[in-house]
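Q: You'll find my_file.pdb just under this line, and it carries PDB, C-alpha atoms, pLDDT in the B column.
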```pdb
ATOM      1  CA  MET P   1     -19.809 -25.240  -9.741  1.00 61.00           C
ATOM      2  CA  THR P   2     -18.636 -24.079 -13.151  1.00 78.00           C
ATOM      3  CA  PRO P   3     -18.291 -20.346 -13.895  1.00 79.00           C
ATOM      4  CA  ALA P   4     -21.331 -20.481 -16.222  1.00 85.00           C
ATOM      5  CA  ARG P   5     -23.445 -22.051 -13.472  1.00 84.00           C
ATOM      6  CA  VAL P   6     -22.240 -19.446 -10.957  1.00 79.00           C
ATOM      7  CA  GLN P   7     -23.203 -16.643 -13.342  1.00 84.00           C
ATOM      8  CA  ARG P   8     -26.610 -18.202 -13.996  1.00 86.00           C
ATOM      9  CA  TRP P   9     -27.225 -18.659 -10.281  1.00 84.00           C
ATOM     10  CA  ALA P  10     -26.263 -15.009  -9.642  1.00 82.00           C
ATOM     11  CA  ARG P  11     -28.737 -13.830 -12.296  1.00 87.00           C
ATOM     12  CA  GLU P  12     -31.511 -15.978 -10.841  1.00 89.00           C
ATOM     13  CA  HIS P  13     -30.800 -14.963  -7.221  1.00 85.00           C
ATOM     14  CA  PRO P  14     -30.116 -11.208  -7.221  1.00 84.00           C
ATOM     15  CA  GLN P  15     -28.781  -9.823  -3.954  1.00 80.00           C
ATOM     16  CA  PRO P  16     -29.991  -6.505  -2.527  1.00 80.00           C
ATOM     17  CA  ALA P  17     -27.553  -3.623  -2.772  1.00 73.00           C
ATOM     18  CA  ASP P  18     -25.645  -2.664   0.355  1.00 64.00           C
ATOM     19  CA  GLU P  19     -27.328   0.613   1.248  1.00 68.00           C
ATOM     20  CA  ARG P  20     -25.361   1.348   4.391  1.00 64.00           C
ATOM     21  CA  VAL P  21     -23.775   4.786   4.443  1.00 69.00           C
ATOM     22  CA  TRP P  22     -20.068   4.438   5.099  1.00 74.00           C
ATOM     23  CA  ARG P  23     -16.952   6.458   4.569  1.00 81.00           C
ATOM     24  CA  TYR P  24     -13.268   6.152   5.195  1.00 90.00           C
ATOM     25  CA  ALA P  25     -11.501   8.332   7.746  1.00 93.00           C
ATOM     26  CA  VAL P  26      -7.786   9.025   7.881  1.00 95.00           C
ATOM     27  CA  VAL P  27      -6.055   7.446  10.884  1.00 97.00           C
ATOM     28  CA  ARG P  28      -2.404   8.170  11.675  1.00 97.00           C
ATOM     29  CA  CYS P  29      -0.211   5.632  13.417  1.00 96.00           C
ATOM     30  CA  GLY P  30       0.824   6.793  16.879  1.00 96.00           C
ATOM     31  CA  ARG P  31       4.268   5.231  16.423  1.00 95.00           C
ATOM     32  CA  CYS P  32       5.438   6.415  13.007  1.00 94.00           C
ATOM     33  CA  GLY P  33       2.724   8.777  11.737  1.00 95.00           C
ATOM     34  CA  THR P  34       1.831   6.693   8.687  1.00 95.00           C
ATOM     35  CA  ALA P  35      -1.644   7.660   7.438  1.00 96.00           C
ATOM     36  CA  VAL P  36      -4.164   5.122   6.132  1.00 95.00           C
ATOM     37  CA  ASP P  37      -7.872   5.258   5.296  1.00 94.00           C
ATOM     38  CA  VAL P  38     -10.042   3.266   7.712  1.00 95.00           C
ATOM     39  CA  ALA P  39     -13.708   2.287   7.855  1.00 94.00           C
ATOM     40  CA  LYS P  40     -15.197   0.396  10.810  1.00 92.00           C
ATOM     41  CA  PHE P  41     -18.251  -1.719   9.966  1.00 89.00           C
ATOM     42  CA  SER P  42     -18.402  -3.230  13.462  1.00 88.00           C
ATOM     43  CA  LEU P  43     -16.052  -3.606  16.410  1.00 87.00           C
ATOM     44  CA  GLN P  44     -14.617  -6.714  14.730  1.00 90.00           C
ATOM     45  CA  HIS P  45     -14.719  -5.641  11.055  1.00 91.00           C
ATOM     46  CA  THR P  46     -12.189  -3.008   9.990  1.00 93.00           C
ATOM     47  CA  SER P  47     -11.269  -2.042   6.449  1.00 92.00           C
ATOM     48  CA  VAL P  48      -7.816  -0.464   6.076  1.00 93.00           C
ATOM     49  CA  GLN P  49      -6.743   0.998   2.745  1.00 91.00           C
ATOM     50  CA  TRP P  50      -2.946   1.075   2.498  1.00 88.00           C
ATOM     51  CA  THR P  51      -1.263   3.280  -0.073  1.00 87.00           C
ATOM     52  CA  ALA P  52       2.171   2.429  -1.473  1.00 84.00           C
ATOM     53  CA  GLU P  53       3.585   5.359   0.503  1.00 89.00           C
ATOM     54  CA  ALA P  54       2.024   4.103   3.747  1.00 88.00           C
ATOM     55  CA  VAL P  55       3.559   0.652   3.245  1.00 85.00           C
ATOM     56  CA  LEU P  56       6.987   2.259   2.741  1.00 85.00           C
ATOM     57  CA  THR P  57       6.732   4.548   5.787  1.00 91.00           C
ATOM     58  CA  CYS P  58       5.222   2.072   8.282  1.00 91.00           C
ATOM     59  CA  ALA P  59       7.799   1.384  10.995  1.00 90.00           C
ATOM     60  CA  GLU P  60       6.762  -2.257  11.485  1.00 88.00           C
ATOM     61  CA  PHE P  61       6.637  -3.025   7.771  1.00 84.00           C
ATOM     62  CA  SER P  62      10.009  -1.321   7.206  1.00 84.00           C
ATOM     63  CA  ALA P  63      11.599  -3.322  10.024  1.00 84.00           C
ATOM     64  CA  SER P  64      10.348  -6.575   8.512  1.00 82.00           C
ATOM     65  CA  VAL P  65      11.627  -5.674   5.044  1.00 80.00           C
ATOM     66  CA  ALA P  66      15.009  -4.591   6.489  1.00 83.00           C
ATOM     67  CA  ALA P  67      15.272  -8.007   8.154  1.00 86.00           C
ATOM     68  CA  GLY P  68      14.757  -9.693   4.780  1.00 85.00           C
ATOM     69  CA  GLY P  69      11.009 -10.253   5.011  1.00 80.00           C
ATOM     70  CA  SER P  70       8.172  -9.002   2.865  1.00 77.00           C
ATOM     71  CA  SER P  71       5.522  -6.485   3.883  1.00 73.00           C
ATOM     72  CA  ALA P  72       2.989  -8.589   1.970  1.00 75.00           C
ATOM     73  CA  LEU P  73       3.349 -11.358   4.564  1.00 76.00           C
ATOM     74  CA  ILE P  74       2.580  -9.122   7.560  1.00 78.00           C
ATOM     75  CA  ALA P  75      -1.036  -9.528   8.645  1.00 76.00           C
ATOM     76  CA  THR P  76      -1.236  -6.129  10.345  1.00 82.00           C
ATOM     77  CA  CYS P  77       0.762  -3.418  12.041  1.00 90.00           C
ATOM     78  CA  ALA P  78       0.195  -3.700  15.795  1.00 92.00           C
ATOM     79  CA  SER P  79       0.957  -0.008  16.316  1.00 94.00           C
ATOM     80  CA  LEU P  80      -1.591   1.011  13.701  1.00 95.00           C
ATOM     81  CA  ARG P  81      -4.139  -1.394  15.190  1.00 95.00           C
ATOM     82  CA  ALA P  82      -3.686   0.365  18.557  1.00 97.00           C
ATOM     83  CA  SER P  83      -4.088   3.755  16.858  1.00 97.00           C
ATOM     84  CA  ILE P  84      -7.324   2.619  15.189  1.00 97.00           C
ATOM     85  CA  ASP P  85      -8.661   1.338  18.517  1.00 96.00           C
ATOM     86  CA  ALA P  86      -7.735   4.679  20.146  1.00 97.00           C
ATOM     87  CA  ALA P  87      -9.499   6.590  17.341  1.00 97.00           C
ATOM     88  CA  VAL P  88     -12.671   4.571  18.007  1.00 96.00           C
ATOM     89  CA  THR P  89     -12.411   5.118  21.773  1.00 96.00           C
ATOM     90  CA  ASP P  90     -11.801   8.870  21.325  1.00 96.00           C
ATOM     91  CA  GLY P  91     -14.716   9.205  18.886  1.00 93.00           C
ATOM     92  CA  ARG P  92     -12.496  10.173  15.928  1.00 94.00           C
ATOM     93  CA  LEU P  93     -13.522   7.013  14.043  1.00 95.00           C
ATOM     94  CA  GLU P  94     -17.168   6.003  13.871  1.00 91.00           C
ATOM     95  CA  VAL P  95     -18.242   2.355  14.088  1.00 92.00           C
ATOM     96  CA  LEU P  96     -20.945   2.094  11.467  1.00 82.00           C
ATOM     97  CA  PRO P  97     -24.177   0.297  12.281  1.00 74.00           C
ATOM     98  CA  PRO P  98     -24.922  -2.949  10.434  1.00 65.00           C
TER
END
```
For the file at hand, write its structure as structure tokens.

A:
Amino acid sequence: MTPARVQRWAREHPQPADERVWRYAVVRCGRCGTAVDVAKFSLQHTSVQWTAEAVLTCAEFSASVAAGGSSALIATCASLRASIDAAVTDGRLEVLPP
């Protein structure tokens, strides 16, 4: 589909606005203390907002970069993932309803 056709289709088929109430919460990594903003839309769907500072202070990202890798190629930080899961379990991070 060409860009013009996509735009026309979007005008002809408007989508309802996402009216869910959601907010980010700060979660700190249990390993290195790096803080990121996290929103949980379901148990499977997590949005993590990394700042430049967080990327530089993350222990797993730093180890990869020190070994010659790139933080951009790391899918996730396992330590942070565990900290997010713990925040959900402890009730510090709300899983938002669909």

Q: Could you list, as a PyMOL selection string, every residue within 10 Å of range 23-34 of chain P, counting only C-alpha atoms and ignoring same-chain residues fewer than 2 positions away?

A: chain P and resi 20-21+36-41+47-51+53-60+77-84+86-87+92-94+96

Q: Would you write out those residues with C-alpha atoms, as a PDB file, in the coordinates of the input?

A:
```
ATOM      1  CA  ARG P  20     -25.361   1.348   4.391  1.00 64.00           C
ATOM      2  CA  VAL P  21     -23.775   4.786   4.443  1.00 69.00           C
ATOM      3  CA  VAL P  36      -4.164   5.122   6.132  1.00 95.00           C
ATOM      4  CA  ASP P  37      -7.872   5.258   5.296  1.00 94.00           C
ATOM      5  CA  VAL P  38     -10.042   3.266   7.712  1.00 95.00           C
ATOM      6  CA  ALA P  39     -13.708   2.287   7.855  1.00 94.00           C
ATOM      7  CA  LYS P  40     -15.197   0.396  10.810  1.00 92.00           C
ATOM      8  CA  PHE P  41     -18.251  -1.719   9.966  1.00 89.00           C
ATOM      9  CA  SER P  47     -11.269  -2.042   6.449  1.00 92.00           C
ATOM     10  CA  VAL P  48      -7.816  -0.464   6.076  1.00 93.00           C
ATOM     11  CA  GLN P  49      -6.743   0.998   2.745  1.00 91.00           C
ATOM     12  CA  TRP P  50      -2.946   1.075   2.498  1.00 88.00           C
ATOM     13  CA  THR P  51      -1.263   3.280  -0.073  1.00 87.00           C
ATOM     14  CA  GLU P  53       3.585   5.359   0.503  1.00 89.00           C
ATOM     15  CA  ALA P  54       2.024   4.103   3.747  1.00 88.00           C
ATOM     16  CA  VAL P  55       3.559   0.652   3.245  1.00 85.00           C
ATOM     17  CA  LEU P  56       6.987   2.259   2.741  1.00 85.00           C
ATOM     18  CA  THR P  57       6.732   4.548   5.787  1.00 91.00           C
ATOM     19  CA  CYS P  58       5.222   2.072   8.282  1.00 91.00           C
ATOM     20  CA  ALA P  59       7.799   1.384  10.995  1.00 90.00           C
ATOM     21  CA  GLU P  60       6.762  -2.257  11.485  1.00 88.00           C
ATOM     22  CA  CYS P  77       0.762  -3.418  12.041  1.00 90.00           C
ATOM     23  CA  ALA P  78       0.195  -3.700  15.795  1.00 92.00           C
ATOM     24  CA  SER P  79       0.957  -0.008  16.316  1.00 94.00           C
ATOM     25  CA  LEU P  80      -1.591   1.011  13.701  1.00 95.00           C
ATOM     26  CA  ARG P  81      -4.139  -1.394  15.190  1.00 95.00           C
ATOM     27  CA  ALA P  82      -3.686   0.365  18.557  1.00 97.00           C
ATOM     28  CA  SER P  83      -4.088   3.755  16.858  1.00 97.00           C
ATOM     29  CA  ILE P  84      -7.324   2.619  15.189  1.00 97.00           C
ATOM     30  CA  ALA P  86      -7.735   4.679  20.146  1.00 97.00           C
ATOM     31  CA  ALA P  87      -9.499   6.590  17.341  1.00 97.00           C
ATOM     32  CA  ARG P  92     -12.496  10.173  15.928  1.00 94.00           C
ATOM     33  CA  LEU P  93     -13.522   7.013  14.043  1.00 95.00           C
ATOM     34  CA  GLU P  94     -17.168   6.003  13.871  1.00 91.00           C
ATOM     35  CA  LEU P  96     -20.945   2.094  11.467  1.00 82.00           C
TER      36      LEU P  96
END
```

Q: Quick one: what's the axis-aligned box for range 71-89 of chain P, all listed atoms, 5 Å on every side, centre and edges in Å to one decimal, as JSON?

A:
```
{"center_x": -3.6, "center_y": -2.4, "center_z": 11.9, "size_x": 28.2, "size_y": 27.9, "size_z": 29.8}
```

Q: What is the CA of Val88 in chain P-CA of Thr76 in chain P distance in Å, reported with one decimal?

A: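 Here the two named atoms are 17.4 Å from each other.
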
Q: Quick check, in Å to one decimal: how far apart do CA of Ala52 in chain P and CA of Ala35 in chain P lie?

A: 11.0 Å

Q: When you draw a straight line from CA of Gln44 in chain P to CA of Trp22 in chain P, how long is it in Å?

A: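 Going from CA of Gln44 in chain P over to CA of Trp22 in chain P, I get 15.7 Å.
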